[in-house]
>>> print(open('final_21.tsv').read())   # TSV, N, CA, C and O atoms
chain	number	residue	atom	x	y	z
J	1	MET	N	37.33	-27.85	-21.73
J	1	MET	CA	37.73	-26.58	-21.15
J	1	MET	C	39.22	-26.65	-20.83
J	1	MET	O	39.72	-27.67	-20.40
J	2	SER	N	39.89	-25.54	-21.03
J	2	SER	CA	41.33	-25.52	-20.77
J	2	SER	C	41.61	-25.53	-19.27
J	2	SER	O	40.73	-25.23	-18.45
J	3	SER	N	42.82	-25.88	-18.94
J	3	SER	CA	43.17	-25.92	-17.52
J	3	SER	C	43.17	-24.51	-16.92
J	3	SER	O	42.88	-24.34	-15.74
J	4	PHE	N	43.48	-23.50	-17.76
J	4	PHE	CA	43.43	-22.13	-17.26
J	4	PHE	C	41.99	-21.74	-16.91
J	4	PHE	O	41.75	-21.11	-15.87
J	5	GLY	N	41.04	-22.11	-17.75
J	5	GLY	CA	39.63	-21.80	-17.48
J	5	GLY	C	39.13	-22.47	-16.22
J	5	GLY	O	38.44	-21.86	-15.40
J	6	THR	N	39.50	-23.73	-16.04
J	6	THR	CA	39.11	-24.46	-14.84
J	6	THR	C	39.74	-23.82	-13.60
J	6	THR	O	39.07	-23.66	-12.57
J	7	TYR	N	41.00	-23.44	-13.70
J	7	TYR	CA	41.69	-22.79	-12.59
J	7	TYR	C	41.01	-21.48	-12.24
J	7	TYR	O	40.77	-21.18	-11.07
J	8	LEU	N	40.68	-20.69	-13.26
J	8	LEU	CA	40.06	-19.40	-13.01
J	8	LEU	C	38.67	-19.54	-12.41
J	8	LEU	O	38.30	-18.77	-11.51
J	9	ILE	N	37.89	-20.51	-12.85
J	9	ILE	CA	36.56	-20.73	-12.28
J	9	ILE	C	36.67	-21.11	-10.80
J	9	ILE	O	35.92	-20.59	-9.97
J	10	GLY	N	37.60	-21.98	-10.48
J	10	GLY	CA	37.80	-22.36	-9.08
J	10	GLY	C	38.20	-21.18	-8.22
J	10	GLY	O	37.73	-21.02	-7.08
J	11	PHE	N	39.08	-20.33	-8.76
J	11	PHE	CA	39.52	-19.17	-7.99
J	11	PHE	C	38.39	-18.17	-7.81
J	11	PHE	O	38.26	-17.55	-6.75
J	12	VAL	N	37.55	-18.01	-8.82
J	12	VAL	CA	36.41	-17.08	-8.71
J	12	VAL	C	35.43	-17.58	-7.65
J	12	VAL	O	34.91	-16.77	-6.86
J	13	VAL	N	35.20	-18.88	-7.59
J	13	VAL	CA	34.33	-19.43	-6.54
J	13	VAL	C	34.93	-19.15	-5.16
J	13	VAL	O	34.21	-18.76	-4.22
J	14	LEU	N	36.24	-19.31	-5.02
J	14	LEU	CA	36.91	-19.00	-3.76
J	14	LEU	C	36.76	-17.53	-3.40
J	14	LEU	O	36.44	-17.19	-2.25
J	15	ILE	N	36.94	-16.64	-4.37
J	15	ILE	CA	36.81	-15.20	-4.12
J	15	ILE	C	35.39	-14.85	-3.69
J	15	ILE	O	35.19	-14.05	-2.77
J	16	ILE	N	34.39	-15.44	-4.33
J	16	ILE	CA	33.00	-15.17	-3.95
J	16	ILE	C	32.75	-15.61	-2.52
J	16	ILE	O	32.11	-14.89	-1.74
J	17	GLY	N	33.27	-16.77	-2.15
J	17	GLY	CA	33.10	-17.24	-0.77
J	17	GLY	C	33.77	-16.33	0.24
J	17	GLY	O	33.19	-16.02	1.29
J	18	LEU	N	34.97	-15.88	-0.08
J	18	LEU	CA	35.67	-14.97	0.84
J	18	LEU	C	34.97	-13.62	0.93
J	18	LEU	O	34.89	-13.03	2.02
J	19	ALA	N	34.46	-13.11	-0.18
J	19	ALA	CA	33.76	-11.83	-0.17
J	19	ALA	C	32.46	-11.94	0.64
J	19	ALA	O	32.11	-11.03	1.39
J	20	LEU	N	31.77	-13.05	0.49
J	20	LEU	CA	30.54	-13.26	1.27
J	20	LEU	C	30.85	-13.34	2.76
J	20	LEU	O	30.14	-12.76	3.59
J	21	ALA	N	31.93	-14.03	3.11
J	21	ALA	CA	32.32	-14.12	4.52
J	21	ALA	C	32.68	-12.74	5.07
J	21	ALA	O	32.31	-12.39	6.20
J	22	ALA	N	33.40	-11.95	4.28
J	22	ALA	CA	33.75	-10.60	4.73
J	22	ALA	C	32.50	-9.74	4.90
J	22	ALA	O	32.41	-8.95	5.85
J	23	TYR	N	31.52	-9.90	4.01
J	23	TYR	CA	30.28	-9.16	4.12
J	23	TYR	C	29.53	-9.54	5.40
J	23	TYR	O	29.01	-8.68	6.11
J	24	LEU	N	29.50	-10.84	5.69
J	24	LEU	CA	28.81	-11.29	6.90
J	24	LEU	C	29.53	-10.85	8.17
J	24	LEU	O	28.90	-10.76	9.24
J	25	LEU	N	30.83	-10.58	8.06
J	25	LEU	CA	31.59	-10.07	9.21
J	25	LEU	C	31.55	-8.54	9.28
J	25	LEU	O	32.29	-7.94	10.06
J	26	ASN	N	30.69	-7.93	8.45
J	26	ASN	CA	30.49	-6.48	8.43
J	26	ASN	C	31.73	-5.70	8.04
J	26	ASN	O	31.97	-4.60	8.55
J	27	ALA	N	32.51	-6.23	7.11
J	27	ALA	CA	33.64	-5.48	6.55
J	27	ALA	C	33.08	-4.41	5.63
J	27	ALA	O	32.05	-4.61	4.98
J	28	PRO	N	33.73	-3.25	5.56
J	28	PRO	CA	33.24	-2.20	4.66
J	28	PRO	C	33.26	-2.67	3.20
J	28	PRO	O	34.22	-3.31	2.76
J	29	PRO	N	32.21	-2.36	2.44
J	29	PRO	CA	32.13	-2.81	1.05
J	29	PRO	C	33.31	-2.35	0.19
J	29	PRO	O	33.72	-3.06	-0.73
J	30	LEU	N	33.86	-1.19	0.47
J	30	LEU	CA	35.01	-0.70	-0.29
J	30	LEU	C	36.19	-1.65	-0.15
J	30	LEU	O	36.85	-2.00	-1.13
J	31	TRP	N	36.45	-2.11	1.05
J	31	TRP	CA	37.58	-3.01	1.28
J	31	TRP	C	37.31	-4.41	0.73
J	31	TRP	O	38.24	-5.11	0.31
J	32	ILE	N	36.05	-4.81	0.71
J	32	ILE	CA	35.71	-6.08	0.07
J	32	ILE	C	36.02	-5.99	-1.42
J	32	ILE	O	36.61	-6.90	-2.01
J	33	GLY	N	35.66	-4.89	-2.04
J	33	GLY	CA	35.96	-4.68	-3.46
J	33	GLY	C	37.45	-4.66	-3.74
J	33	GLY	O	37.91	-5.23	-4.73
J	34	VAL	N	38.22	-4.00	-2.88
J	34	VAL	CA	39.67	-3.96	-3.04
J	34	VAL	C	40.24	-5.38	-2.95
J	34	VAL	O	41.08	-5.78	-3.77
J	35	GLY	N	39.77	-6.16	-1.99
J	35	GLY	CA	40.24	-7.53	-1.85
J	35	GLY	C	39.90	-8.39	-3.06
J	35	GLY	O	40.71	-9.20	-3.51
J	36	VAL	N	38.71	-8.20	-3.60
J	36	VAL	CA	38.29	-8.97	-4.78
J	36	VAL	C	39.19	-8.64	-5.98
J	36	VAL	O	39.64	-9.54	-6.69
J	37	VAL	N	39.46	-7.36	-6.19
J	37	VAL	CA	40.32	-6.97	-7.32
J	37	VAL	C	41.73	-7.54	-7.17
J	37	VAL	O	42.31	-8.06	-8.13
J	38	ILE	N	42.28	-7.47	-5.97
J	38	ILE	CA	43.62	-8.01	-5.73
J	38	ILE	C	43.65	-9.51	-5.95
J	38	ILE	O	44.56	-10.04	-6.60
J	39	LEU	N	42.65	-10.23	-5.43
J	39	LEU	CA	42.62	-11.67	-5.61
J	39	LEU	C	42.42	-12.08	-7.07
J	39	LEU	O	42.99	-13.08	-7.52
J	40	LEU	N	41.63	-11.32	-7.82
J	40	LEU	CA	41.46	-11.61	-9.25
J	40	LEU	C	42.78	-11.42	-9.99
J	40	LEU	O	43.13	-12.22	-10.86
J	41	GLY	N	43.51	-10.38	-9.64
J	41	GLY	CA	44.82	-10.17	-10.26
J	41	GLY	C	45.77	-11.31	-9.95
J	41	GLY	O	46.49	-11.80	-10.83
J	42	LEU	N	45.78	-11.74	-8.69
J	42	LEU	CA	46.64	-12.86	-8.32
J	42	LEU	C	46.23	-14.15	-9.04
J	42	LEU	O	47.09	-14.94	-9.44
J	43	ALA	N	44.93	-14.35	-9.22
J	43	ALA	CA	44.46	-15.55	-9.91
J	43	ALA	C	44.94	-15.56	-11.36
J	43	ALA	O	45.38	-16.60	-11.86
J	44	ILE	N	44.88	-14.42	-12.02
J	44	ILE	CA	45.31	-14.36	-13.41
J	44	ILE	C	46.82	-14.58	-13.52
J	44	ILE	O	47.29	-15.34	-14.38
J	45	ILE	N	47.58	-13.94	-12.65
J	45	ILE	CA	49.03	-14.11	-12.67
J	45	ILE	C	49.42	-15.55	-12.40
J	45	ILE	O	50.23	-16.15	-13.10
J	46	LYS	N	48.84	-16.12	-11.37
J	46	LYS	CA	49.16	-17.50	-11.01
J	46	LYS	C	48.68	-18.49	-12.06
J	46	LYS	O	49.37	-19.45	-12.39
J	47	GLY	N	47.51	-18.25	-12.59
J	47	GLY	CA	46.96	-19.15	-13.61
J	47	GLY	C	47.79	-19.17	-14.88
J	47	GLY	O	48.03	-20.22	-15.45
J	48	THR	N	48.23	-18.01	-15.32
J	48	THR	CA	49.03	-17.98	-16.55
J	48	THR	C	50.41	-18.57	-16.32
J	48	THR	O	50.96	-19.21	-17.21
J	49	SER	N	50.97	-18.39	-15.15
J	49	SER	CA	52.31	-18.93	-14.92
J	49	SER	C	52.28	-20.44	-14.72
J	49	SER	O	53.24	-21.13	-15.07
J	50	GLN	N	51.19	-20.99	-14.20
J	50	GLN	CA	51.12	-22.42	-13.94
J	50	GLN	C	50.58	-23.22	-15.12
J	50	GLN	O	50.83	-24.40	-15.23
J	51	THR	N	49.82	-22.58	-16.00
J	51	THR	CA	49.20	-23.33	-17.07
J	51	THR	C	49.78	-23.01	-18.44
J	51	THR	O	49.32	-23.54	-19.43
J	52	LYS	N	50.79	-22.16	-18.53
J	52	LYS	CA	51.34	-21.84	-19.84
J	52	LYS	C	52.07	-23.05	-20.41
J	52	LYS	O	52.66	-23.84	-19.68
J	53	ARG	N	52.02	-23.16	-21.71
J	53	ARG	CA	52.68	-24.28	-22.37
J	53	ARG	C	54.17	-23.99	-22.48
J	53	ARG	O	54.58	-22.89	-22.83
J	54	ARG	N	54.95	-24.98	-22.21
J	54	ARG	CA	56.39	-24.85	-22.32
J	54	ARG	C	56.80	-24.96	-23.78
J	54	ARG	O	56.22	-25.70	-24.56
J	55	ASP	N	57.82	-24.21	-24.14
J	55	ASP	CA	58.35	-24.32	-25.51
J	55	ASP	C	59.02	-25.67	-25.68
J	55	ASP	O	59.72	-26.15	-24.78
J	56	PRO	N	58.82	-26.29	-26.84
J	56	PRO	CA	59.50	-27.58	-27.05
J	56	PRO	C	61.01	-27.38	-27.14
J	56	PRO	O	61.47	-26.33	-27.58
J	57	PRO	N	61.78	-28.36	-26.70
J	57	PRO	CA	63.23	-28.20	-26.77
J	57	PRO	C	63.71	-28.10	-28.22
J	57	PRO	O	63.14	-28.73	-29.11
J	58	SER	N	64.71	-27.29	-28.43
J	58	SER	CA	65.25	-27.16	-29.78
J	58	SER	C	66.04	-28.40	-30.18
J	58	SER	O	66.67	-29.03	-29.32
J	59	PRO	N	65.98	-28.76	-31.46
J	59	PRO	CA	66.65	-30.01	-31.89
J	59	PRO	C	68.16	-29.95	-31.83
J	59	PRO	O	68.83	-29.05	-31.82
>>> encode(input="final_21.tsv", output="structure tokens")
Amino acid sequence: MSSFGTYLIGFVVLIIGLALAAYLLNAPPLWIGVGVVILLGLAIIKGTSQTKRRDPPSP
């Protein structure tokens, strides 16, 4: 599995845990959904910037 896939799986587990905690704290479901979408966007942005392959130096 690629490092991006591993990173994304870990972030999704984190998001599920945070959403469950928000649900148990009686946060409105709409705001839980908004938080999940924002965190997924951040995970994709961060994952691509940290795991992208660098171009090899030119000769």
>>> atom_distance(input="final_21.tsv", atom1="atom N of Val37 (chain J)", atom2="atom C of Gly10 (chain J)")
14.0 Å
>>> closest_residue(input="final_21.tsv", among="J:Thr48, J:Gly41, J:Pro29, J:Leu24", to="Val12 (chain J)", atoms="only C-alpha atoms")
J:Gly41
>>> atom_distance(input="final_21.tsv", atom1="CA of Ile9 (chain J)", atom2="CA of Trp31 (chain J)")
22.3 Å
>>> closest_residue(input="final_21.tsv", among="J:Ser58, J:Leu40, J:Phe4, J:Ile32", to="Leu18 (chain J)", atoms="only N, CA, C and O atoms")
J:Ile32
>>> atom_distance(input="final_21.tsv", atom1="atom C of Ala27 (chain J)", atom2="CA of Leu14 (chain J)")
17.8 Å
>>> closest_residue(input="final_21.tsv", among="J:Pro57, J:Ile15, J:Ser2, J:Ala21", to="Leu39 (chain J)", atoms="only C-alpha atoms")
J:Ile15
>>> select_by_dssp(input="final_21.tsv", residues="chain J", states="helix (DSSP H, G or I)", output="VMD selection string")
chain J and resid 3 to 24 29 to 51
>>> closest_residue(input="final_21.tsv", among="J:Leu8, J:Gly17, J:Tyr23, J:Met1", to="Lys46 (chain J)", atoms="only C-alpha atoms")
J:Leu8
>>> build_atoms(input="final_21.tsv", residues="region 39-50 of chain J", atoms="all heavy atoms", output="compact mmCIF listing (two decimals), keeping the file's coordinate frame")
# COMPACT_ATOMS: atom_id res chain seq x y z
N LEU J 39 42.65 -10.23 -5.43
CA LEU J 39 42.62 -11.67 -5.61
C LEU J 39 42.42 -12.08 -7.07
O LEU J 39 42.99 -13.08 -7.52
CB LEU J 39 41.54 -12.29 -4.72
CG LEU J 39 41.87 -12.32 -3.22
CD1 LEU J 39 40.68 -12.82 -2.44
CD2 LEU J 39 43.08 -13.18 -2.96
N LEU J 40 41.63 -11.32 -7.82
CA LEU J 40 41.46 -11.61 -9.25
C LEU J 40 42.78 -11.42 -9.99
O LEU J 40 43.13 -12.22 -10.86
CB LEU J 40 40.38 -10.72 -9.86
CG LEU J 40 38.95 -11.16 -9.64
CD1 LEU J 40 37.98 -10.12 -10.21
CD2 LEU J 40 38.70 -12.50 -10.28
N GLY J 41 43.51 -10.38 -9.64
CA GLY J 41 44.82 -10.17 -10.26
C GLY J 41 45.77 -11.31 -9.95
O GLY J 41 46.49 -11.80 -10.83
N LEU J 42 45.78 -11.74 -8.69
CA LEU J 42 46.64 -12.86 -8.32
C LEU J 42 46.23 -14.15 -9.04
O LEU J 42 47.09 -14.94 -9.44
CB LEU J 42 46.58 -13.09 -6.81
CG LEU J 42 47.35 -12.10 -5.94
CD1 LEU J 42 47.07 -12.36 -4.47
CD2 LEU J 42 48.83 -12.19 -6.23
N ALA J 43 44.93 -14.35 -9.22
CA ALA J 43 44.46 -15.55 -9.91
C ALA J 43 44.94 -15.56 -11.36
O ALA J 43 45.38 -16.60 -11.86
CB ALA J 43 42.94 -15.61 -9.86
N ILE J 44 44.88 -14.42 -12.02
CA ILE J 44 45.31 -14.36 -13.41
C ILE J 44 46.82 -14.58 -13.52
O ILE J 44 47.29 -15.34 -14.38
CB ILE J 44 44.88 -13.02 -14.04
CG1 ILE J 44 43.36 -12.98 -14.17
CG2 ILE J 44 45.54 -12.81 -15.40
CD1 ILE J 44 42.80 -11.63 -14.55
N ILE J 45 47.58 -13.94 -12.65
CA ILE J 45 49.03 -14.11 -12.67
C ILE J 45 49.42 -15.55 -12.40
O ILE J 45 50.23 -16.15 -13.10
CB ILE J 45 49.70 -13.16 -11.66
CG1 ILE J 45 49.56 -11.71 -12.12
CG2 ILE J 45 51.16 -13.51 -11.45
CD1 ILE J 45 49.97 -10.69 -11.09
N LYS J 46 48.84 -16.12 -11.37
CA LYS J 46 49.16 -17.50 -11.01
C LYS J 46 48.68 -18.49 -12.06
O LYS J 46 49.37 -19.45 -12.39
CB LYS J 46 48.50 -17.84 -9.66
CG LYS J 46 49.48 -18.29 -8.63
CD LYS J 46 48.76 -18.64 -7.36
CE LYS J 46 49.18 -20.03 -7.03
NZ LYS J 46 48.75 -20.60 -5.83
N GLY J 47 47.51 -18.25 -12.59
CA GLY J 47 46.96 -19.15 -13.61
C GLY J 47 47.79 -19.17 -14.88
O GLY J 47 48.03 -20.22 -15.45
N THR J 48 48.23 -18.01 -15.32
CA THR J 48 49.03 -17.98 -16.55
C THR J 48 50.41 -18.57 -16.32
O THR J 48 50.96 -19.21 -17.21
CB THR J 48 49.17 -16.56 -17.09
OG1 THR J 48 49.69 -15.70 -16.07
CG2 THR J 48 47.85 -16.02 -17.57
N SER J 49 50.97 -18.39 -15.15
CA SER J 49 52.31 -18.93 -14.92
C SER J 49 52.28 -20.44 -14.72
O SER J 49 53.24 -21.13 -15.07
CB SER J 49 52.96 -18.26 -13.70
OG SER J 49 52.28 -18.62 -12.53
N GLN J 50 51.19 -20.99 -14.20
CA GLN J 50 51.12 -22.42 -13.94
C GLN J 50 50.58 -23.22 -15.12
O GLN J 50 50.83 -24.40 -15.23
CB GLN J 50 50.27 -22.71 -12.71
CG GLN J 50 50.95 -22.31 -11.43
CD GLN J 50 50.14 -22.69 -10.22
OE1 GLN J 50 49.03 -23.18 -10.33
NE2 GLN J 50 50.69 -22.45 -9.04
